[in-house]
$ cat coords.cif   # mmCIF, C-alpha atoms and all ligand atoms
data_final
#
loop_
_atom_site.label_atom_id
_atom_site.label_comp_id
_atom_site.auth_asym_id
_atom_site.auth_seq_id
_atom_site.Cartn_x
_atom_site.Cartn_y
_atom_site.Cartn_z
CA MET A 1 1.74 9.43 -7.40
CA SER A 2 -0.97 7.92 -5.22
CA ALA A 3 0.92 6.67 -2.15
CA ALA A 4 2.87 8.57 0.46
CA VAL A 5 6.53 8.34 -0.53
CA LEU A 6 9.33 8.92 1.96
CA CYS A 7 12.99 8.96 0.98
CA VAL A 8 15.44 7.71 3.60
CA THR A 9 19.00 8.94 3.73
CA GLY A 10 21.74 9.09 6.32
CA THR A 11 24.52 11.37 7.45
CA ASP A 12 26.87 8.55 6.45
CA THR A 13 26.88 4.91 5.48
CA ASP A 14 26.20 2.40 8.26
CA VAL A 15 24.18 4.80 10.40
CA GLY A 16 21.11 2.58 10.60
CA LYS A 17 19.15 3.61 7.50
CA THR A 18 17.98 0.05 6.96
CA MET A 19 17.02 -0.40 10.62
CA ALA A 20 15.13 2.89 10.53
CA THR A 21 13.48 1.93 7.24
CA ALA A 22 12.29 -1.30 8.89
CA CYS A 23 10.84 0.69 11.78
CA LEU A 24 9.16 3.18 9.46
CA ALA A 25 7.72 0.27 7.47
CA ALA A 26 6.52 -1.39 10.69
CA ALA A 27 4.83 1.83 11.78
CA ALA A 28 3.08 2.20 8.42
CA LEU A 29 2.06 -1.49 8.45
CA ALA A 30 0.70 -1.05 11.97
CA ARG A 31 -1.67 1.65 10.76
CA GLY A 32 -2.92 -0.71 8.07
CA ASP A 33 -0.90 0.47 5.09
CA ARG A 34 0.37 -1.66 2.25
CA VAL A 35 4.05 -0.78 2.20
CA ALA A 36 6.80 -0.99 -0.41
CA VAL A 37 10.48 -0.58 0.30
CA TYR A 38 12.65 0.30 -2.69
CA LYS A 39 16.44 0.37 -2.78
CA PRO A 40 17.49 2.09 -6.03
CA ALA A 41 21.11 0.91 -5.86
CA GLN A 42 22.24 -1.96 -3.65
CA THR A 43 26.01 -2.36 -3.50
CA GLY A 44 28.27 -4.72 -1.61
CA VAL A 45 26.05 -7.78 -2.06
CA GLY A 46 26.52 -10.68 -4.49
CA PRO A 47 23.77 -11.99 -6.79
CA VAL A 48 22.17 -14.25 -4.17
CA GLY A 49 22.99 -12.37 -0.96
CA ALA A 50 20.44 -10.51 1.14
CA GLY A 51 20.33 -6.82 0.36
CA ASP A 52 18.84 -4.08 2.54
CA VAL A 53 15.28 -4.69 1.38
CA GLU A 54 15.51 -8.39 2.30
CA THR A 55 16.88 -7.32 5.67
CA VAL A 56 13.80 -5.15 6.17
CA ALA A 57 11.51 -8.04 5.22
CA ARG A 58 13.34 -10.40 7.59
CA LEU A 59 13.30 -7.92 10.47
CA LEU A 60 9.55 -7.56 10.05
CA GLY A 61 8.89 -11.29 9.70
CA HIS A 62 7.92 -11.14 5.99
CA PRO A 63 4.45 -9.61 6.43
CA ASP A 64 1.89 -9.99 3.62
CA ARG A 65 1.39 -6.28 3.11
CA LEU A 66 5.10 -5.61 2.52
CA THR A 67 6.59 -5.50 -0.99
CA VAL A 68 10.31 -5.06 -1.49
CA ALA A 69 12.19 -4.13 -4.64
CA GLU A 70 15.70 -3.27 -5.77
CA GLY A 71 16.72 -1.12 -8.71
CA VAL A 72 20.24 -2.32 -9.45
CA ARG A 73 22.58 -4.60 -7.54
CA LEU A 74 26.35 -4.24 -7.72
CA GLY A 75 28.83 -6.55 -5.99
CA PRO A 76 31.61 -4.18 -4.94
CA ALA A 77 31.07 -2.47 -1.60
CA MET A 78 31.48 1.01 -3.06
CA ALA A 79 29.31 3.97 -4.02
CA PRO A 80 27.02 2.81 -6.86
CA VAL A 81 28.70 4.47 -9.84
CA ASP A 82 32.15 3.43 -8.64
CA ALA A 83 30.85 -0.07 -7.93
CA ALA A 84 29.63 -0.31 -11.53
CA LEU A 85 32.97 0.96 -12.82
CA GLU A 86 34.81 -1.58 -10.68
CA ALA A 87 32.54 -4.44 -11.73
CA GLY A 88 32.28 -3.76 -15.45
CA GLY A 89 34.07 -0.61 -16.54
CA GLU A 90 32.54 2.35 -18.37
CA ALA A 91 30.03 0.14 -20.17
CA ALA A 92 28.56 -0.95 -16.83
CA VAL A 93 28.33 2.66 -15.69
CA GLU A 94 26.51 3.63 -18.87
CA ALA A 95 24.15 0.69 -18.42
CA LEU A 96 23.03 1.95 -15.00
CA PRO A 97 19.47 3.24 -15.04
CA GLY A 98 18.88 6.97 -14.75
CA LEU A 99 16.73 9.16 -12.55
CA ASP A 100 13.55 8.80 -14.65
CA TRP A 101 13.80 5.00 -14.56
CA HIS A 102 13.95 5.00 -10.76
CA LEU A 103 11.09 7.51 -10.55
CA GLU A 104 9.01 5.25 -12.78
CA ARG A 105 9.76 2.28 -10.49
CA ILE A 106 8.70 4.34 -7.47
CA GLU A 107 5.59 5.51 -9.27
CA ALA A 108 4.69 1.92 -10.23
CA LEU A 109 5.09 0.81 -6.59
CA ALA A 110 3.06 3.80 -5.43
CA LEU A 111 0.13 2.73 -7.58
CA ASP A 112 -0.42 -0.40 -5.49
CA GLN A 113 0.73 0.75 -2.05
CA ASP A 114 -0.17 3.26 0.62
CA THR A 115 3.40 3.99 1.65
CA VAL A 116 6.63 3.70 -0.35
CA LEU A 117 9.96 3.98 1.46
CA VAL A 118 13.04 4.61 -0.68
CA GLU A 119 16.43 3.91 0.91
CA GLY A 120 19.37 5.66 -0.73
CA ALA A 121 22.99 4.50 -0.67
CA GLY A 122 25.30 6.11 1.87
CA GLY A 123 24.47 9.78 2.40
CA LEU A 124 22.51 12.56 0.70
CA LEU A 125 24.93 13.41 -2.10
CA VAL A 126 26.01 9.93 -3.12
CA GLU A 127 25.40 9.56 -6.86
CA LEU A 128 23.00 6.78 -7.76
CA THR A 129 23.01 7.19 -11.53
CA PRO A 130 25.55 7.94 -14.30
CA GLY A 131 23.96 11.38 -14.61
CA GLY A 132 24.78 12.10 -10.98
CA ALA A 133 21.26 11.90 -9.54
CA THR A 134 21.15 11.49 -5.77
CA ILE A 135 18.49 10.52 -3.24
CA ALA A 136 17.80 14.27 -3.02
CA ASP A 137 16.87 14.23 -6.72
CA LEU A 138 14.65 11.19 -6.18
CA ALA A 139 12.91 12.96 -3.30
CA LEU A 140 12.43 16.07 -5.43
CA GLY A 141 11.19 14.05 -8.41
CA ALA A 142 8.76 12.06 -6.27
CA GLY A 143 7.69 15.11 -4.26
CA ALA A 144 8.70 13.14 -1.19
CA PRO A 145 9.92 14.36 2.18
CA LEU A 146 13.22 13.14 3.55
CA ALA A 147 13.94 11.01 6.59
CA VAL A 148 17.52 11.60 7.72
CA ILE A 149 19.13 8.95 9.89
CA THR A 150 22.04 10.03 12.03
CA ARG A 151 24.47 8.89 14.71
CA PRO A 152 24.52 10.08 18.31
CA ASP A 153 28.33 10.10 18.55
CA LEU A 154 30.91 12.87 18.49
CA GLY A 155 30.96 14.55 15.07
CA THR A 156 27.27 14.03 14.38
CA LEU A 157 26.25 17.66 14.88
CA ASN A 158 28.34 18.84 11.94
CA HIS A 159 27.33 15.93 9.67
CA THR A 160 23.66 16.34 10.52
CA GLY A 161 23.69 20.11 10.07
CA LEU A 162 25.44 19.76 6.71
CA THR A 163 22.97 17.14 5.52
CA LEU A 164 19.86 19.10 6.50
CA GLU A 165 21.29 22.30 5.02
CA ALA A 166 22.23 20.63 1.74
CA ALA A 167 18.78 19.06 1.49
CA ALA A 168 17.12 22.43 2.15
CA ARG A 169 19.32 24.14 -0.43
CA ARG A 170 18.10 21.64 -3.03
CA GLY A 171 14.49 22.26 -2.09
CA VAL A 172 13.87 18.81 -0.58
CA ARG A 173 10.88 18.67 1.78
CA PRO A 174 11.85 18.14 5.42
CA GLY A 175 10.57 14.89 6.89
CA THR A 176 12.00 13.45 10.05
CA LEU A 177 15.34 13.14 11.82
CA ILE A 178 16.00 9.79 13.52
CA VAL A 179 18.97 8.53 15.51
CA GLY A 180 19.72 5.09 14.04
CA SER A 181 21.25 3.45 17.07
CA TRP A 182 21.09 4.78 20.63
CA PRO A 183 23.57 3.10 22.99
CA VAL A 184 22.43 1.11 26.01
CA GLU A 185 24.83 3.16 28.13
CA PRO A 186 24.86 6.67 26.68
CA THR A 187 27.69 9.01 27.63
CA ALA A 188 27.48 12.72 28.34
CA VAL A 189 28.41 13.30 24.68
CA HIS A 190 25.47 11.22 23.46
CA ARG A 191 23.03 12.99 25.78
CA ALA A 192 24.26 16.45 24.83
CA ASN A 193 24.14 15.53 21.13
CA LEU A 194 20.58 14.28 21.45
CA GLY A 195 19.41 17.69 22.66
CA ARG A 196 21.36 19.42 19.90
CA LEU A 197 20.02 17.08 17.23
CA ARG A 198 16.45 17.78 18.34
CA ALA A 199 17.12 21.49 18.03
CA THR A 200 18.73 21.04 14.60
CA ALA A 201 15.69 19.06 13.45
CA ARG A 202 13.32 21.77 14.70
CA ASP A 203 15.38 24.56 13.11
CA HIS A 204 15.15 22.85 9.72
CA GLY A 205 11.47 21.94 9.98
CA TYR A 206 12.06 18.20 10.55
CA ALA A 207 9.87 16.19 12.89
CA TRP A 208 11.83 14.56 15.69
CA GLY A 209 11.66 10.81 15.09
CA GLY A 210 13.52 9.87 18.24
CA ALA A 211 16.32 7.38 18.73
CA LEU A 212 16.12 3.68 17.89
CA PRO A 213 17.60 1.51 20.62
CA GLU A 214 20.87 -0.28 19.95
CA GLY A 215 20.45 -4.03 19.61
CA LEU A 216 17.42 -4.03 17.34
CA SER A 217 19.08 -6.13 14.65
CA SER A 218 19.37 -9.13 16.94
CA ALA A 219 16.05 -8.53 18.66
CA PRO A 220 12.87 -10.39 17.83
CA GLU A 221 10.53 -8.72 15.38
CA GLN A 222 8.34 -7.53 18.28
CA ALA A 223 11.23 -5.24 19.30
CA VAL A 224 11.19 -3.67 15.86
CA SER A 225 7.44 -3.19 16.22
CA ARG A 226 7.96 -1.54 19.62
CA ALA A 227 10.57 0.80 18.16
CA ALA A 228 8.15 1.52 15.34
CA THR A 229 5.46 2.48 17.82
CA ALA A 230 7.88 5.02 19.24
CA LEU A 231 8.23 6.46 15.75
CA ALA A 232 4.49 6.82 15.30
CA ALA A 233 4.35 10.39 16.53
CA ALA A 234 6.93 11.48 14.00
CA LEU A 235 5.17 9.52 11.27
CA ALA A 236 1.97 11.41 11.88
CA GLY A 237 3.70 14.47 10.49
CA VAL A 238 5.77 12.71 7.87
CA LEU A 239 3.39 10.29 6.24
CA PRO A 240 0.08 12.13 6.54
CA VAL A 241 -1.37 11.06 3.24
CA ARG A 242 -3.85 8.21 3.45
CA LEU A 243 -5.43 7.06 0.25
CA PRO A 244 -9.19 7.03 0.10
CA PRO A 245 -10.30 3.39 0.13
CA ARG A 246 -10.40 1.88 -3.34
CA PRO A 247 -13.41 -0.07 -4.48
CA GLY A 248 -13.15 -3.60 -3.16
CA ARG A 249 -10.67 -2.75 -0.37
N1 LIG A 301 19.19 0.26 16.26
C1 LIG A 301 20.05 -0.70 15.90
N2 LIG A 301 20.12 -1.84 16.59
C2 LIG A 301 20.98 -2.82 16.25
N3 LIG A 301 21.81 -2.76 15.24
C3 LIG A 301 21.78 -1.66 14.50
C4 LIG A 301 20.91 -0.57 14.77
N4 LIG A 301 21.12 0.37 13.85
C5 LIG A 301 22.08 -0.12 13.05
N5 LIG A 301 22.48 -1.33 13.44
C6 LIG A 301 23.49 -2.21 12.82
O1 LIG A 301 24.51 -1.36 12.29
C7 LIG A 301 24.87 -1.78 10.98
C8 LIG A 301 24.53 -0.68 9.99
O2 LIG A 301 23.12 -0.45 10.01
P1 LIG A 301 22.31 -0.34 8.66
O3 LIG A 301 22.61 -1.50 7.76
O4 LIG A 301 20.89 -0.11 9.02
O5 LIG A 301 23.00 0.99 8.09
P2 LIG A 301 22.74 1.70 6.73
O6 LIG A 301 22.81 3.15 7.01
O7 LIG A 301 21.48 1.18 6.15
O8 LIG A 301 23.99 1.25 5.85
P3 LIG A 301 24.13 1.28 4.24
O9 LIG A 301 24.71 2.61 3.90
O10 LIG A 301 25.07 0.14 4.00
O11 LIG A 301 22.77 1.06 3.64
C9 LIG A 301 24.10 -3.06 10.70
O12 LIG A 301 24.91 -4.16 11.03
C10 LIG A 301 22.92 -2.98 11.64
O13 LIG A 301 22.44 -4.25 11.98
MG MG A 302 21.16 0.20 4.42
#

$ encode --input "coords.cif" --output "structure tokens"
Amino acid sequence: MSAAVLCVTGTDTDVGKTMATACLAAAALARGDRVAVYKPAQTGVGPVGAGDVETVARLLGHPDRLTVAEGVRLGPAMAPVDAALEAGGEAAVEALPGLDWHLERIEALALDQDTVLVEGAGGLLVELTPGGATIADLALGAGAPLAVITRPDLGTLNHTGLTLEAAARRGVRPGTLIVGSWPVEPTAVHRANLGRLRATARDHGYAWGGALPEGLSSAPEQAVSRAATALAAALAGVLPVRLPPRPGR
């Protein structure tokens, strides 16, 4: 695999994985990379709706050096295997691509890009394939580190600790821990959690990616770029691999 691949997961669904993926992509674009964003299994979106990868492209203003791709799309807003079952029964589940298929897609994207970001569905152990492969398996197969996106609210310390521990147990390389949405008016709970999350990241060998400000989704693309700049320090440790220039580049 020639590009730097980073797998993005969350401590839960709706924690800001897509927002964080947009910021990671913006940071990689800002350093001159060609970037691909791949979503192996997009659920909860109809055939013509905008999935997470289109959201990333829109947030970044559709830059030239950004390529986006989806593996499978399933209408029901459920975990991928259940969404397939709901949409088309056992036959639809069996028709879902397996781990090797997704790894080949990632590898194909990696051939033409400097950075490939892979956004899972929901959290670390959500099954993406009929064989039960998860984003952890994709990270292992691609040799990629993991970016874990988390919440700052009450309950996050347990969810974050469990996610980082489960990833470590599976042998997934630590990447970065990022808070997906930091409130404009943080409470004492948020502030205390932030310190604890930093310590949890350090204890598990994850770079601290910081906290993305709330309100990014409605902000102009410059705001995403600013948030991406704040992620740059973490990226230095997470996406260190730069390809040697190819002939003609
Ligand atoms: N920093 C932020 N600023 C503004 N809105 C945010 C931020 N982070 C998340 N959101 C909003 O919260 C919701 C969930 O975020 P997002 O879609 O990124 O989560 P996700 O973890 O990717 O969810 P899924 O599991 O469905 O892929 C979205 O409506 C998004 O616009
Ligand atoms: Mg998402």

$ closest_residue --input "coords.cif" --among "A:Thr176, A:Thr18, A:Thr55, A:Thr11" --to "ligand LIG 301 (chain A)" --atoms "only C-alpha atoms and all ligand atoms"
A:Thr18

$ atom_distance --input "coords.cif" --atom1 "CA of Val118 (chain A)" --atom2 "CA of Ala77 (chain A)"
19.4 Å

$ atom_distance --input "coords.cif" --atom1 "CA of Gly122 (chain A)" --atom2 "CA of Ile135 (chain A)"
9.6 Å

$ closest_residue --input "coords.cif" --among "A:Ala41, A:Leu85, A:Leu29, A:Ala3" --to "ligand MG 302 (chain A)" --atoms "only C-alpha atoms and all ligand atoms"
A:Ala41

$ residues_near_ligand --input "coords.cif" --ligand "ligand LIG 301 (chain A)" --cutoff "8 Å" --atoms "all atoms listed in the file" --output "ChimeraX atom specification"
/A:9-10,12-21,42-43,52,119-123,149,180-182,212-219

$ write_last_selection --input "coords.cif" --atoms "C-alpha atoms" --output "PDB file, in the frame of the given file"
ATOM      1  CA  THR A   9      19.000   8.940   3.730  1.00  0.00           C
ATOM      2  CA  GLY A  10      21.740   9.090   6.320  1.00  0.00           C
ATOM      3  CA  ASP A  12      26.870   8.550   6.450  1.00  0.00           C
ATOM      4  CA  THR A  13      26.880   4.910   5.480  1.00  0.00           C
ATOM      5  CA  ASP A  14      26.200   2.400   8.260  1.00  0.00           C
ATOM      6  CA  VAL A  15      24.180   4.800  10.400  1.00  0.00           C
ATOM      7  CA  GLY A  16      21.110   2.580  10.600  1.00  0.00           C
ATOM      8  CA  LYS A  17      19.150   3.610   7.500  1.00  0.00           C
ATOM      9  CA  THR A  18      17.980   0.050   6.960  1.00  0.00           C
ATOM     10  CA  MET A  19      17.020  -0.400  10.620  1.00  0.00           C
ATOM     11  CA  ALA A  20      15.130   2.890  10.530  1.00  0.00           C
ATOM     12  CA  THR A  21      13.480   1.930   7.240  1.00  0.00           C
ATOM     13  CA  GLN A  42      22.240  -1.960  -3.650  1.00  0.00           C
ATOM     14  CA  THR A  43      26.010  -2.360  -3.500  1.00  0.00           C
ATOM     15  CA  ASP A  52      18.840  -4.080   2.540  1.00  0.00           C
ATOM     16  CA  GLU A 119      16.430   3.910   0.910  1.00  0.00           C
ATOM     17  CA  GLY A 120      19.370   5.660  -0.730  1.00  0.00           C
ATOM     18  CA  ALA A 121      22.990   4.500  -0.670  1.00  0.00           C
ATOM     19  CA  GLY A 122      25.300   6.110   1.870  1.00  0.00           C
ATOM     20  CA  GLY A 123      24.470   9.780   2.400  1.00  0.00           C
ATOM     21  CA  ILE A 149      19.130   8.950   9.890  1.00  0.00           C
ATOM     22  CA  GLY A 180      19.720   5.090  14.040  1.00  0.00           C
ATOM     23  CA  SER A 181      21.250   3.450  17.070  1.00  0.00           C
ATOM     24  CA  TRP A 182      21.090   4.780  20.630  1.00  0.00           C
ATOM     25  CA  LEU A 212      16.120   3.680  17.890  1.00  0.00           C
ATOM     26  CA  PRO A 213      17.600   1.510  20.620  1.00  0.00           C
ATOM     27  CA  GLU A 214      20.870  -0.280  19.950  1.00  0.00           C
ATOM     28  CA  GLY A 215      20.450  -4.030  19.610  1.00  0.00           C
ATOM     29  CA  LEU A 216      17.420  -4.030  17.340  1.00  0.00           C
ATOM     30  CA  SER A 217      19.080  -6.130  14.650  1.00  0.00           C
ATOM     31  CA  SER A 218      19.370  -9.130  16.940  1.00  0.00           C
ATOM     32  CA  ALA A 219      16.050  -8.530  18.660  1.00  0.00           C
TER      33      ALA A 219
END

$ atom_distance --input "coords.cif" --atom1 "CA of Ala26 (chain A)" --atom2 "atom MG of ligand MG 302 (chain A)"
16.0 Å

$ residues_around --input "coords.cif" --residues "region 153-156 of chain A" --least-positions-apart "2" --cutoff "9 Å" --atoms "all atoms listed in the file" --output "list in words"
Thr11, Thr150, Arg151, Asn158, His159, Thr160, Gly161, Val189, His190, Asn193 and Leu197 of chain A

$ residues_around --input "coords.cif" --residues "Gly143 (chain A)" --least-positions-apart "3" --cutoff "8 Å" --atoms "all atoms listed in the file" --output "number ranges by chain"
A: 5, 139-140, 173

$ write_last_selection --input "coords.cif" --atoms "C-alpha atoms" --output "PDB file, in the frame of the given file"
ATOM      1  CA  VAL A   5       6.530   8.340  -0.530  1.00  0.00           C
ATOM      2  CA  ALA A 139      12.910  12.960  -3.300  1.00  0.00           C
ATOM      3  CA  LEU A 140      12.430  16.070  -5.430  1.00  0.00           C
ATOM      4  CA  ARG A 173      10.880  18.670   1.780  1.00  0.00           C
TER       5      ARG A 173
END

$ decode --input "coords.cif" --residues "region 82-130 of chain A" --atoms "C-alpha atoms" --output "mmCIF file, in the first residue's frame"
data_model
loop_
_atom_site.group_PDB
_atom_site.id
_atom_site.type_symbol
_atom_site.label_atom_id
_atom_site.label_comp_id
_atom_site.auth_asym_id
_atom_site.auth_seq_id
_atom_site.Cartn_x
_atom_site.Cartn_y
_atom_site.Cartn_z
ATOM 1 C CA ASP A 82 -28.926 -5.618 9.713
ATOM 2 C CA ALA A 83 -29.642 -2.937 7.112
ATOM 3 C CA ALA A 84 -28.995 -5.481 4.357
ATOM 4 C CA LEU A 85 -31.230 -8.023 6.090
ATOM 5 C CA GLU A 86 -33.984 -5.434 6.440
ATOM 6 C CA ALA A 87 -33.669 -4.288 2.835
ATOM 7 C CA GLY A 88 -33.348 -7.638 1.080
ATOM 8 C CA GLY A 89 -33.253 -10.581 3.464
ATOM 9 C CA GLU A 90 -30.514 -13.202 3.722
ATOM 10 C CA ALA A 91 -29.702 -12.940 0.014
ATOM 11 C CA ALA A 92 -28.817 -9.261 0.450
ATOM 12 C CA VAL A 93 -26.609 -10.094 3.426
ATOM 13 C CA GLU A 94 -24.783 -12.755 1.434
ATOM 14 C CA ALA A 95 -24.335 -10.305 -1.430
ATOM 15 C CA LEU A 96 -22.475 -7.835 0.810
ATOM 16 C CA PRO A 97 -18.785 -7.622 -0.036
ATOM 17 C CA GLY A 98 -16.282 -9.126 2.370
ATOM 18 C CA LEU A 99 -13.143 -7.876 4.062
ATOM 19 C CA ASP A 100 -10.806 -8.625 1.134
ATOM 20 C CA TRP A 101 -13.037 -6.702 -1.271
ATOM 21 C CA HIS A 102 -12.890 -3.600 0.921
ATOM 22 C CA LEU A 103 -9.132 -3.983 1.385
ATOM 23 C CA GLU A 104 -8.736 -4.148 -2.389
ATOM 24 C CA ARG A 105 -10.799 -0.944 -2.763
ATOM 25 C CA ILE A 106 -8.592 0.771 -0.181
ATOM 26 C CA GLU A 107 -5.473 -0.526 -1.879
ATOM 27 C CA ALA A 108 -6.694 0.721 -5.271
ATOM 28 C CA LEU A 109 -7.368 4.183 -3.797
ATOM 29 C CA ALA A 110 -3.982 4.142 -2.089
ATOM 30 C CA LEU A 111 -2.228 3.645 -5.413
ATOM 31 C CA ASP A 112 -3.289 7.091 -6.632
ATOM 32 C CA GLN A 113 -3.404 9.054 -3.374
ATOM 33 C CA ASP A 114 -1.118 10.218 -0.606
ATOM 34 C CA THR A 115 -3.667 9.801 2.160
ATOM 35 C CA VAL A 116 -6.682 7.491 2.385
ATOM 36 C CA LEU A 117 -9.214 8.007 5.173
ATOM 37 C CA VAL A 118 -11.624 5.146 5.867
ATOM 38 C CA GLU A 119 -14.739 5.969 7.900
ATOM 39 C CA GLY A 120 -16.405 2.992 9.567
ATOM 40 C CA ALA A 121 -20.068 2.718 10.543
ATOM 41 C CA GLY A 122 -20.978 3.414 14.155
ATOM 42 C CA GLY A 123 -18.280 2.208 16.546
ATOM 43 C CA LEU A 124 -15.266 -0.100 16.540
ATOM 44 C CA LEU A 125 -17.052 -3.455 16.702
ATOM 45 C CA VAL A 126 -19.889 -2.809 14.281
ATOM 46 C CA GLU A 127 -19.843 -5.553 11.651
ATOM 47 C CA LEU A 128 -19.359 -4.289 8.115
ATOM 48 C CA THR A 129 -19.418 -7.620 6.295
ATOM 49 C CA PRO A 130 -21.351 -10.912 6.460
#
